[in-house]
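The file final_1.txt comes next; it holds compact mmCIF, C-alpha atoms.
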```txt
# COMPACT_ATOMS: atom_id res chain seq x y z
CA MET A 1 6.18 -40.49 17.19
CA LEU A 2 5.21 -37.19 15.59
CA ILE A 3 3.21 -36.32 18.70
CA LEU A 4 6.34 -36.82 20.79
CA VAL A 5 8.28 -34.55 18.39
CA VAL A 6 5.63 -31.83 18.67
CA THR A 7 5.62 -32.06 22.46
CA VAL A 8 9.40 -31.76 22.68
CA LEU A 9 9.32 -28.87 20.21
CA LEU A 10 6.76 -27.00 22.28
CA GLY A 11 8.95 -27.54 25.35
CA THR A 12 12.03 -26.15 23.62
CA MET A 13 9.98 -23.20 22.35
CA GLY A 14 9.06 -22.47 25.96
CA LEU A 15 12.71 -22.66 27.01
CA ALA A 16 13.78 -20.28 24.24
CA LEU A 17 10.98 -17.92 25.23
CA ILE A 18 12.16 -17.96 28.86
CA ARG A 19 15.64 -16.96 27.67
CA ALA A 20 14.17 -14.19 25.51
CA VAL A 21 12.08 -12.82 28.38
CA ARG A 22 14.79 -12.93 31.04
CA GLY A 23 17.64 -11.65 28.88
CA PRO A 24 19.75 -10.20 30.41
CA THR A 25 21.87 -9.02 27.47
CA VAL A 26 20.70 -8.25 23.94
CA TYR A 27 22.70 -11.15 22.55
CA ASP A 28 20.75 -13.63 24.67
CA ARG A 29 17.57 -12.31 23.08
CA ILE A 30 18.99 -12.39 19.56
CA LEU A 31 20.06 -15.98 20.08
CA ALA A 32 16.67 -16.86 21.58
CA ALA A 33 14.82 -15.34 18.62
CA ASN A 34 17.09 -17.18 16.20
CA ALA A 35 16.52 -20.46 18.02
CA PHE A 36 12.82 -19.72 17.94
CA THR A 37 12.95 -19.33 14.17
CA THR A 38 14.56 -22.75 13.89
CA LYS A 39 11.94 -24.27 16.18
CA THR A 40 9.18 -22.74 14.08
CA ILE A 41 10.65 -24.20 10.89
CA VAL A 42 10.84 -27.69 12.38
CA MET A 43 7.36 -27.28 13.85
CA VAL A 44 5.84 -26.31 10.49
CA THR A 45 7.58 -29.24 8.80
CA THR A 46 6.38 -31.67 11.46
CA PHE A 47 2.86 -30.40 11.05
CA GLY A 48 3.11 -30.93 7.34
CA PHE A 49 3.91 -34.58 7.90
CA MET A 50 1.18 -34.89 10.53
CA VAL A 51 -1.41 -33.50 8.12
CA GLY A 52 -0.03 -35.74 5.38
CA GLU A 53 0.67 -32.91 2.96
CA PRO A 54 4.37 -32.19 3.44
CA GLY A 55 4.99 -30.43 0.11
CA LEU A 56 2.96 -27.33 0.84
CA TYR A 57 4.26 -27.00 4.39
CA LEU A 58 7.87 -27.51 3.33
CA ASP A 59 7.54 -24.45 1.09
CA ILE A 60 6.49 -22.37 4.10
CA ALA A 61 9.34 -23.80 6.15
CA LEU A 62 11.83 -22.83 3.43
CA MET A 63 10.43 -19.30 3.32
CA TYR A 64 10.77 -19.02 7.10
CA ALA A 65 14.37 -20.15 6.89
CA LEU A 66 15.20 -17.45 4.32
CA ILE A 67 13.30 -14.68 6.08
CA GLY A 68 14.64 -15.59 9.51
CA PHE A 69 18.15 -15.31 8.11
CA ILE A 70 17.46 -11.82 6.75
CA GLY A 71 15.97 -10.75 10.08
CA THR A 72 18.93 -12.05 12.04
CA VAL A 73 21.39 -10.26 9.75
CA ALA A 74 19.43 -6.99 10.13
CA VAL A 75 19.28 -7.31 13.93
CA LEU A 76 23.00 -8.03 14.20
CA LYS A 77 23.78 -5.09 11.93
CA VAL A 78 21.76 -2.74 14.09
CA SER A 79 23.40 -4.04 17.25
CA GLU A 80 26.83 -3.48 15.66
CA PHE A 81 26.40 -0.11 13.91
CA GLY A 82 23.38 1.44 15.63
CA ASN A 83 21.30 1.77 12.46
CA LEU A 84 20.60 0.03 9.18
CA GLY A 85 21.78 2.78 6.85
CA GLN A 86 25.49 2.35 7.36
CA THR A 87 27.08 -0.10 4.98
CA ARG A 88 30.51 -0.46 6.56
CA PRO A 89 32.59 1.00 9.37
CA GLU A 90 33.90 4.52 8.76
CA LEU A 91 36.63 4.42 6.15
CA PRO A 92 39.64 6.70 6.36
CA PRO A 93 39.37 9.62 3.86
CA LYS A 94 40.75 9.02 0.39
CA PRO A 95 44.24 10.36 -0.24
CA LYS A 96 44.25 13.12 -2.88
CA MET B 1 -4.06 -33.11 19.96
CA VAL B 2 -4.38 -30.04 17.76
CA GLU B 3 -6.38 -28.29 20.48
CA ALA B 4 -3.62 -28.96 23.03
CA VAL B 5 -0.99 -27.58 20.64
CA ASN B 6 -3.16 -24.52 20.04
CA ILE B 7 -3.57 -23.89 23.76
CA VAL B 8 0.17 -24.14 24.40
CA LEU B 9 0.96 -21.86 21.46
CA LEU B 10 -1.61 -19.27 22.55
CA GLY B 11 -0.20 -19.39 26.09
CA LEU B 12 3.28 -18.70 24.71
CA LEU B 13 1.75 -15.82 22.69
CA VAL B 14 0.33 -14.27 25.86
CA ILE B 15 3.68 -14.59 27.66
CA THR B 16 5.45 -12.94 24.72
CA ALA B 17 2.95 -10.08 24.54
CA VAL B 18 3.17 -9.35 28.27
CA ALA B 19 6.97 -9.45 28.14
CA ALA B 20 6.97 -7.06 25.16
CA ILE B 21 4.79 -4.63 27.10
CA ARG B 22 6.88 -4.79 30.27
CA LEU B 23 10.34 -4.46 28.71
CA HIS B 24 11.79 -0.96 28.40
CA ASP B 25 14.65 -1.88 26.06
CA LEU B 26 13.07 -1.29 22.65
CA PHE B 27 15.66 -3.46 20.91
CA ALA B 28 14.54 -6.38 23.07
CA VAL B 29 10.92 -5.46 22.30
CA VAL B 30 11.68 -5.83 18.58
CA MET B 31 13.05 -9.30 19.31
CA MET B 32 9.90 -10.15 21.24
CA PHE B 33 7.77 -8.96 18.32
CA GLY B 34 9.72 -11.27 16.03
CA ILE B 35 9.02 -14.20 18.33
CA TYR B 36 5.40 -13.09 18.57
CA SER B 37 4.84 -13.16 14.83
CA LEU B 38 6.65 -16.50 14.52
CA LEU B 39 4.24 -17.91 17.12
CA ALA B 40 1.26 -16.35 15.38
CA ALA B 41 2.37 -17.87 12.09
CA THR B 42 2.68 -21.27 13.74
CA VAL B 43 -0.86 -20.88 15.04
CA PHE B 44 -2.01 -20.08 11.50
CA VAL B 45 -0.28 -23.21 10.20
CA VAL B 46 -1.91 -25.32 12.91
CA LEU B 47 -5.27 -23.81 11.98
CA ASP B 48 -4.61 -24.87 8.36
CA ALA B 49 -4.55 -21.26 7.09
CA VAL B 50 -1.43 -21.75 5.03
CA ASP B 51 -1.71 -18.63 2.86
CA VAL B 52 -2.10 -16.42 5.93
CA ALA B 53 1.01 -18.06 7.38
CA PHE B 54 2.86 -17.16 4.17
CA THR B 55 1.85 -13.52 4.54
CA GLU B 56 2.71 -13.49 8.21
CA ALA B 57 6.15 -14.89 7.41
CA ALA B 58 6.86 -12.28 4.76
CA VAL B 59 5.38 -9.24 6.51
CA GLY B 60 5.48 -10.02 10.22
CA VAL B 61 8.81 -11.76 10.53
CA GLY B 62 10.72 -10.11 7.70
CA ILE B 63 9.58 -6.62 6.77
CA SER B 64 8.16 -5.34 10.03
CA THR B 65 11.23 -6.41 12.03
CA ILE B 66 13.44 -4.48 9.64
CA LEU B 67 11.09 -1.47 9.66
CA MET B 68 11.10 -1.36 13.46
CA LEU B 69 14.88 -1.69 13.56
CA THR B 70 15.15 1.22 11.12
CA THR B 71 12.88 3.24 13.40
CA LEU B 72 15.10 2.40 16.37
CA GLY B 73 17.95 4.11 14.54
CA LEU B 74 15.86 7.33 14.63
CA VAL B 75 14.23 7.23 18.07
CA GLY B 76 16.94 5.64 20.19
CA ARG B 77 16.99 2.41 22.10
CA TRP B 78 15.31 3.11 25.43
CA GLU B 79 11.69 3.80 26.21
CA ARG B 80 11.01 7.14 27.90
CA ARG B 81 8.94 7.39 31.04
CA PRO B 82 5.40 8.53 30.15
CA VAL B 83 4.67 12.01 31.45
CA HIS B 84 0.91 11.48 31.86
CA ARG B 85 -0.99 8.93 33.91
CA PRO B 86 -2.49 6.16 31.76
CA PHE B 87 -5.62 5.51 33.84
CA LEU B 88 -8.13 7.66 31.94
CA PRO B 89 -7.12 6.23 28.51
CA LEU B 90 -7.19 2.75 30.03
CA LEU B 91 -10.73 3.36 31.27
CA VAL B 92 -11.83 4.61 27.85
CA VAL B 93 -10.28 1.59 26.14
CA VAL B 94 -11.88 -0.87 28.58
CA VAL B 95 -15.30 0.73 28.17
CA THR B 96 -14.98 0.72 24.36
CA GLY B 97 -13.87 -2.91 24.38
CA ALA B 98 -16.75 -3.92 26.64
CA ALA B 99 -19.20 -2.13 24.32
CA LEU B 100 -17.74 -3.91 21.29
CA ILE B 101 -17.94 -7.31 23.01
CA TYR B 102 -21.53 -6.52 23.98
CA GLY B 103 -22.21 -5.70 20.34
CA THR B 104 -20.93 -9.08 19.17
CA LEU B 105 -23.50 -10.89 21.33
CA ASP B 106 -26.20 -10.21 18.74
CA MET B 107 -24.11 -11.58 15.89
CA PRO B 108 -24.50 -15.18 14.67
CA HIS B 109 -22.13 -17.73 16.13
CA PHE B 110 -18.69 -18.19 14.60
CA GLY B 111 -18.87 -20.68 11.74
CA ASP B 112 -22.67 -20.85 11.83
CA PRO B 113 -23.76 -22.12 8.37
CA ASP B 114 -27.07 -20.23 8.66
CA ALA B 115 -25.33 -16.87 9.13
CA PRO B 116 -26.25 -14.26 6.49
CA VAL B 117 -22.66 -14.01 5.29
CA HIS B 118 -22.82 -17.67 4.24
CA GLN B 119 -26.32 -17.42 2.75
CA HIS B 120 -26.25 -14.18 0.76
CA VAL B 121 -23.93 -14.53 -2.25
CA ALA B 122 -21.38 -17.14 -1.19
CA PRO B 123 -23.36 -20.18 -2.48
CA ARG B 124 -23.72 -18.55 -5.87
CA TYR B 125 -20.00 -17.79 -5.99
CA LEU B 126 -19.18 -21.39 -5.10
CA GLU B 127 -21.61 -22.96 -7.54
CA GLN B 128 -21.63 -20.60 -10.52
CA SER B 129 -18.18 -19.06 -10.71
CA PRO B 130 -16.59 -21.86 -12.81
CA ASP B 131 -19.34 -21.40 -15.42
CA GLU B 132 -19.69 -17.62 -15.23
CA ILE B 133 -16.01 -16.68 -15.09
CA GLY B 134 -14.10 -19.77 -16.08
CA ILE B 135 -11.39 -19.58 -13.42
CA PRO B 136 -10.99 -22.78 -11.37
CA ASN B 137 -9.92 -20.90 -8.21
CA VAL B 138 -13.00 -19.40 -6.55
CA VAL B 139 -11.05 -16.85 -4.51
CA THR B 140 -9.39 -15.47 -7.62
CA GLY B 141 -12.76 -15.38 -9.38
CA VAL B 142 -14.35 -13.39 -6.56
CA LEU B 143 -11.43 -10.95 -6.26
CA ALA B 144 -10.90 -10.37 -9.95
CA SER B 145 -14.45 -10.44 -11.29
CA TYR B 146 -17.30 -10.23 -8.77
CA ARG B 147 -15.46 -7.68 -6.66
CA GLY B 148 -13.39 -6.21 -9.46
CA TYR B 149 -14.13 -2.57 -8.61
CA ASP B 150 -13.27 -3.23 -4.97
CA THR B 151 -9.91 -4.70 -5.99
CA LEU B 152 -9.33 -1.76 -8.33
CA GLY B 153 -9.90 0.60 -5.39
CA GLU B 154 -7.45 -1.32 -3.24
CA LEU B 155 -4.86 -1.19 -5.98
CA THR B 156 -5.39 2.57 -6.26
CA VAL B 157 -4.72 2.95 -2.53
CA ILE B 158 -1.55 0.86 -2.74
CA PHE B 159 -0.40 2.74 -5.84
CA THR B 160 -0.96 6.08 -4.11
CA ALA B 161 1.02 4.93 -1.09
CA GLY B 162 3.85 3.79 -3.35
CA VAL B 163 3.88 7.12 -5.21
CA GLY B 164 3.95 8.96 -1.88
CA VAL B 165 6.89 6.93 -0.62
CA LEU B 166 8.75 7.39 -3.90
CA ALA B 167 8.11 11.14 -3.78
CA LEU B 168 9.52 11.38 -0.26
CA LEU B 169 12.62 9.35 -1.12
CA GLY B 170 13.15 11.17 -4.42
CA ILE B 171 13.01 14.65 -2.86
CA ARG B 172 15.67 13.73 -0.37
CA ARG B 173 17.97 12.29 -3.02
CA ARG B 174 17.62 15.39 -5.24
CA ARG B 175 18.62 17.65 -2.35
CA GLN B 176 21.70 15.57 -1.74
CA ASP B 177 22.61 15.74 -5.42
CA GLU B 178 22.32 19.54 -5.38
CA ALA B 179 24.44 19.70 -2.23
CA THR B 180 27.20 17.69 -3.84
CA ARG B 181 27.01 19.80 -7.00
CA GLU B 182 27.38 23.03 -5.04
CA ARG B 183 30.37 21.59 -3.30
```

Encoded form (structure tokens):
Amino acid sequence: MLILVVTVLLGTMGLALIRAVRGPTVYDRILAANAFTTKTIVMVTTFGFMVGEPGLYLDIALMYALIGFIGTVAVLKVSEFGNLGQTRPELPPKPK
Amino acid sequence: MVEAVNIVLLGLLVITAVAAIRLHDLFAVVMMFGIYSLLAATVFVVLDAVDVAFTEAAVGVGISTILMLTTLGLVGRWERRPVHRPFLPLLVVVVTGAALIYGTLDMPHFGDPDAPVHQHVAPRYLEQSPDEIGIPNVVTGVLASYRGYDTLGELTVIFTAGVGVLALLGIRRRRQDEATRER
């Protein structure tokens, strides 16, 4: 059963990689990378159960979930504003 | 089973690396690097190197993606055409790599228990460190006691790098403060 899960996961990783390589737009690649993060989390968890030591591997999977979220937010911010330094769209000047 | 998974994952790694080299949109290259380090971390997990996978998750997936995105804000999104021909550097790199591979032929096989690195001090560390140091974790014992000066040197390097970064950031902030004060 777990072997079937791993096989299907590897297949979906390949599909996400094809989307990331072919593009064509940036958003396809962002979505592919995000899907890849999810696949990696499930893969690590499955491996934890295959090895028979799920606790340790679940910690790694949790860390990947948090870090992947941060990465996706940063990527989307750059694609929206052009850099990471800007905190919000340009505000109108304050009235005096 | 594990070998098959490893082969598939390494194949995906190669595809990702080639795609990252061939793309000219640097934003897409950053995405490919993210996928690359996710794959590498999965390989580490499959190889049962869980602590390395932790580090790869924190540094490869998180920090380095953000660092490269920050750099993209400075250098722009598209790769420029190289002005020189890459064949001479390619030749130098190939020759150097071939020499390095030739050099590894004399080394003991990977994982060979008779290799000097496994015979010199490692058995003593494994057998004596609970008595000599009193720390149950051997790795911590080696890092903190047997190689204490080495670790101190590493910490000095990291501290110096941190001071340098803080100096750079602090100088910039002070200039901005003066600019606002003059205004």

Task: Expected answer as a PyMOL selection string: chain A residues within 9 Å of chain B, all atoms listed in the file - done: chain A and resi 3+6-7+10+13-14+17+20-21+23+25-26+29-30+32-34+36-37+40-41+43-44+47-48+56-57+60+63-64+67-68+70-71+74-75+78-79+82-85

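Among the candidates B:Val142, B:His109, B:Pro136, B:Leu88, the residue lying nearest to Pro123 in chain B is B:Val142 (atoms considered: only C-alpha atoms).
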
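Rounded to one decimal, CA of Gly148 in chain B and CA of Asp112 in chain B lie 27.5 Å from each other.
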
- [ ] Work out how far apart CA of Gly60 in chain B and CA of Ser37 in chain B are and give it in Å to one decimal.
- [x] 5.6 Å

Task: Who sits within 12 Å of Met107 in chain B, all atoms listed in the file, same chain under 6 positions skipped, as JSON, numbers by chain - done: {"B": [100, 101, 114, 115, 116, 117]}

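Atom pair CA of Val139 in chain B / CA of Gly55 in chain A: separated by 21.5 Å.
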
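Nearest residue to Leu66 in chain A among A:Thr45, A:Gly52, A:Pro24, A:Thr38 is A:Thr38, counting only C-alpha atoms.
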